[in-house]
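Worksheet: one structure, shown below.
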Amino acid sequence: MARTLIHAPATARKGEVVEIRTLIGHTMESGYRAGSDGRTLPRDIIRRFTCRYNSEVVFSADFYPAIAANPYLAFFVTADSSGSFTFTWEGDNGFAQTESATITVT
Amino acid sequence: MISRVATLAWLLASAGALAQTTGEARRSGFDTMSPALRAMQRDDQQNPGMLWVADGEVLWNKIFGISFSCASCHRDARKSMRGVAARYPDWDPIDKKPVDLTQRINLCRTRHQLVLPLPPESEEMLSLEAYVAYQSRGMSLAPSTATELEAPRARGRRLYEQRIGQLNLSCSLCHDQLAGHVLAGATIPQGHVNGYPTYRLEWQGLGTLQRRIRNCLSGVRAEPPPFDSDEMIELELYLAQRGAGLPVEAPAVRP
């Protein structure tokens, strides 16, 4: 289970634009580097990040080998109803991780 | 003649710079970083070092060996470990030698938990160390004043000032006399030790002061002393003294 750091506000006013920040611990091995034995290390990266807000996709991103280890993403979402954010990271070797956060909109 | 004048000017300039870095003008590496990197360090949701701190908290409460976790003896790290990283390296009265934080954690493992020491720079060791160092965040570096440390600290200072390697450079030459100048596109920092273990973008991971020193030494094409060797601890002792008073930033972010 990879480690994550997620910042999402617990409350917001209706219509407010809120910032969400996510960081996940991942090596993002590019597939181009050589290991200590001289052999190329196989690629192991996150391929896709998705953020769902009450099961609707509000933000997604494709990742490529040039993205650094422990990728950090910050993005903005308009808060329109109470509910939950679901964050999904998917990648090579069957990597999949889901985290969530709840928000109360007043 | 001209070269002699130039040498004299160089010596005068370096004496001035040397005085500067030991007095009020000491600056954490944080102050010379770009605004984006500073923001990355300040924000705990953006600072990747916090991943290791979170892991360290889990390990702190995990039972190793037969029946001991760190918390079994030290209880709440937020209280018991506050100020510890600001003080280390410290004198170990049992082995009668100076030890740094990594060695201290390993001594606890071998003496009390009765388990094997963790290898240097292993993820588990880095996590525990980051968690312990994090408890001192914001405190001033306050090196141990044990009298036994005076001799090894003085040896550390000599190592710091001694020219070494094929490039024939000393630590002091860059980090005291040329700090603030530019080397290969990067500003030379004063080389203070208030942020370790540090997340370096170049490493894309967390690392200790010893790893950093070994980097610098291979950079000047010297043979780096092995991890946990006497020379390493002596250098760490002197560097802690040199940075005394600067705030602990662990886990810091550095380029």
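By order of appearance in the structure tokens: chains A, B, ..., then residues from 1 within every chain, and ligands from 1 in the order shown.
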Report as a count of residues only: the residues of stretch 55-92 of chain B with a DSSP assignment of strand (DSSP E or B), based on the backbone of this structure. 5
Determine, using only C-alpha atoms, which residues of chain A have any atom at most 12 Å from an atom of chain B, and tabulate each with its shortest atom pair and distance in Å to one decimal place, rows ordered by chain and then rising number, as a tab-separated table.
residue	atom	partner	partner_atom	distance
A:Met1	CA	B:Asp55	CA	11.4
A:Ala2	CA	B:Leu51	CA	9.5
A:Arg3	CA	B:Leu51	CA	6.3
A:Thr4	CA	B:Leu51	CA	7.0
A:Leu5	CA	B:Gln45	CA	5.5
A:Ile6	CA	B:Gln45	CA	6.3
A:His7	CA	B:Gln45	CA	6.2
A:Ala8	CA	B:Gln45	CA	9.9
A:Ile20	CA	B:Gln45	CA	10.1
A:Arg21	CA	B:Gln45	CA	7.0
A:Thr22	CA	B:Gln45	CA	7.2
A:Leu23	CA	B:Gln46	CA	6.6
A:Ile24	CA	B:Leu51	CA	8.2
A:Gly25	CA	B:Leu51	CA	6.9
A:His26	CA	B:Gln204	CA	10.0
A:Thr27	CA	B:Gln204	CA	8.2
A:Met28	CA	B:Gln204	CA	9.7
A:Glu29	CA	B:Gln204	CA	10.7
A:Ile67	CA	B:Gln204	CA	11.0
A:Ala68	CA	B:Gln204	CA	7.2
A:Ala69	CA	B:Gln204	CA	5.8
A:Asn70	CA	B:Pro48	CA	6.9
A:Pro71	CA	B:Pro48	CA	9.0
A:Tyr72	CA	B:Gln46	CA	6.9
A:Leu73	CA	B:Gln46	CA	8.9
A:Ala74	CA	B:Gln46	CA	9.3
Just the residues within 12 Å of B:Ile213, please, counting only C-alpha atoms, with nothing from its chain fewer than 6 positions along; format it as a ChimeraX atom specification. /B:159-160,170-171,191-193,196,207,219-220,222-228,231-233,235-236,239
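Excluding B:Val132 and any residue on its chain fewer than 3 positions from it, the residues at most 7 Å away by only C-alpha atoms are Met81, Ala85, Leu128, Glu129 and Gln135 of chain B.
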Based on the selection just made, write C-alpha atoms of those residues as a CSV table (one decimal), in the first residue's frame.
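Output below, filename part05.csv:
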chain,number,residue,atom,x,y,z
B,81,MET,CA,11.7,12.9,21.3
B,85,ALA,CA,17.5,15.5,17.0
B,128,LEU,CA,12.3,6.2,12.1
B,129,GLU,CA,14.9,8.9,11.9
B,135,GLN,CA,9.6,16.1,16.7
Run DSSP on the backbone and grab whatever in stretch 11-151 of chain B lands in alpha helix (DSSP H); send it over as JSON, numbers by chain. {"B": [11, 12, 13, 14, 15, 16, 17, 18, 19, 20, 21, 22, 35, 36, 37, 38, 39, 40, 41, 42, 49, 50, 51, 52, 53, 54, 55, 56, 57, 58, 59, 60, 70, 71, 72, 73, 74, 77, 78, 79, 80, 84, 85, 86, 87, 101, 102, 103, 104, 105, 106, 107, 108, 123, 124, 125, 126, 127, 128, 129, 130, 131, 132, 133, 134, 150, 151]}
Any idea what's packed within 8 Å of stretch 39-51 of chain A, counting only C-alpha atoms, ignoring anything in its chain fewer than 3 positions away? Could you give it as number ranges by chain? A: 26-36, 57-65, 85-93, 95
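The closest residue to B:Tyr131, picked from B:Arg104, B:His175, B:Arg75, B:Arg82 and counting only C-alpha atoms, is B:Arg82.
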Excluding same-chain residues fewer than 5 positions from A:Tyr53, what lies within 10 Å of it counting only C-alpha atoms, as a tab-separated table (two decimals) with N, CA and C atoms, in the first residue's frame?
chain	number	residue	atom	x	y	z
A	58	VAL	N	-14.11	14.67	-12.01
A	58	VAL	CA	-13.93	16.12	-12.10
A	58	VAL	C	-12.50	16.49	-12.51
A	59	PHE	N	-11.57	15.54	-12.38
A	59	PHE	CA	-10.18	15.81	-12.77
A	59	PHE	C	-9.50	14.49	-13.04
A	77	VAL	N	-11.57	22.51	-7.70
A	77	VAL	CA	-12.90	21.93	-7.93
A	77	VAL	C	-13.92	22.91	-7.37
A	78	THR	N	-15.05	23.07	-8.07
A	78	THR	CA	-16.13	23.90	-7.54
A	78	THR	C	-17.01	23.04	-6.63
A	79	ALA	N	-17.12	23.47	-5.38
A	79	ALA	CA	-17.93	22.71	-4.42
A	79	ALA	C	-19.40	23.02	-4.65
A	80	ASP	N	-20.17	22.02	-5.06
A	80	ASP	CA	-21.60	22.32	-5.24
A	80	ASP	C	-22.53	21.46	-4.38
A	81	SER	N	-22.02	20.34	-3.84
A	81	SER	CA	-22.88	19.59	-2.93
A	81	SER	C	-22.02	18.77	-1.97
A	82	SER	N	-22.58	18.48	-0.80
A	82	SER	CA	-21.85	17.66	0.18
A	82	SER	C	-21.64	16.27	-0.39
A	83	GLY	N	-20.58	15.63	0.03
A	83	GLY	CA	-20.32	14.28	-0.47
A	83	GLY	C	-18.88	13.91	-0.30
A	84	SER	N	-18.38	13.11	-1.23
A	84	SER	CA	-17.00	12.64	-1.05
A	84	SER	C	-16.20	12.76	-2.34
A	85	PHE	N	-14.90	12.92	-2.15
A	85	PHE	CA	-13.95	12.85	-3.25
A	85	PHE	C	-13.30	11.47	-3.21
A	86	THR	N	-13.16	10.86	-4.37
A	86	THR	CA	-12.44	9.59	-4.45
A	86	THR	C	-11.24	9.79	-5.37
A	87	PHE	N	-10.08	9.47	-4.85
A	87	PHE	CA	-8.85	9.64	-5.62
A	87	PHE	C	-8.32	8.26	-5.99
A	100	SER	N	-10.03	8.46	-0.15
A	100	SER	CA	-11.19	9.35	-0.26
A	100	SER	C	-11.16	10.41	0.83
A	101	ALA	N	-11.95	11.45	0.60
A	101	ALA	CA	-12.08	12.54	1.57
A	101	ALA	C	-13.51	13.05	1.48
A	102	THR	N	-14.06	13.49	2.60
A	102	THR	CA	-15.45	13.98	2.57
A	102	THR	C	-15.47	15.50	2.69
A	103	ILE	N	-16.51	16.08	2.13
A	103	ILE	CA	-16.67	17.53	2.18
A	103	ILE	C	-18.13	17.85	2.51
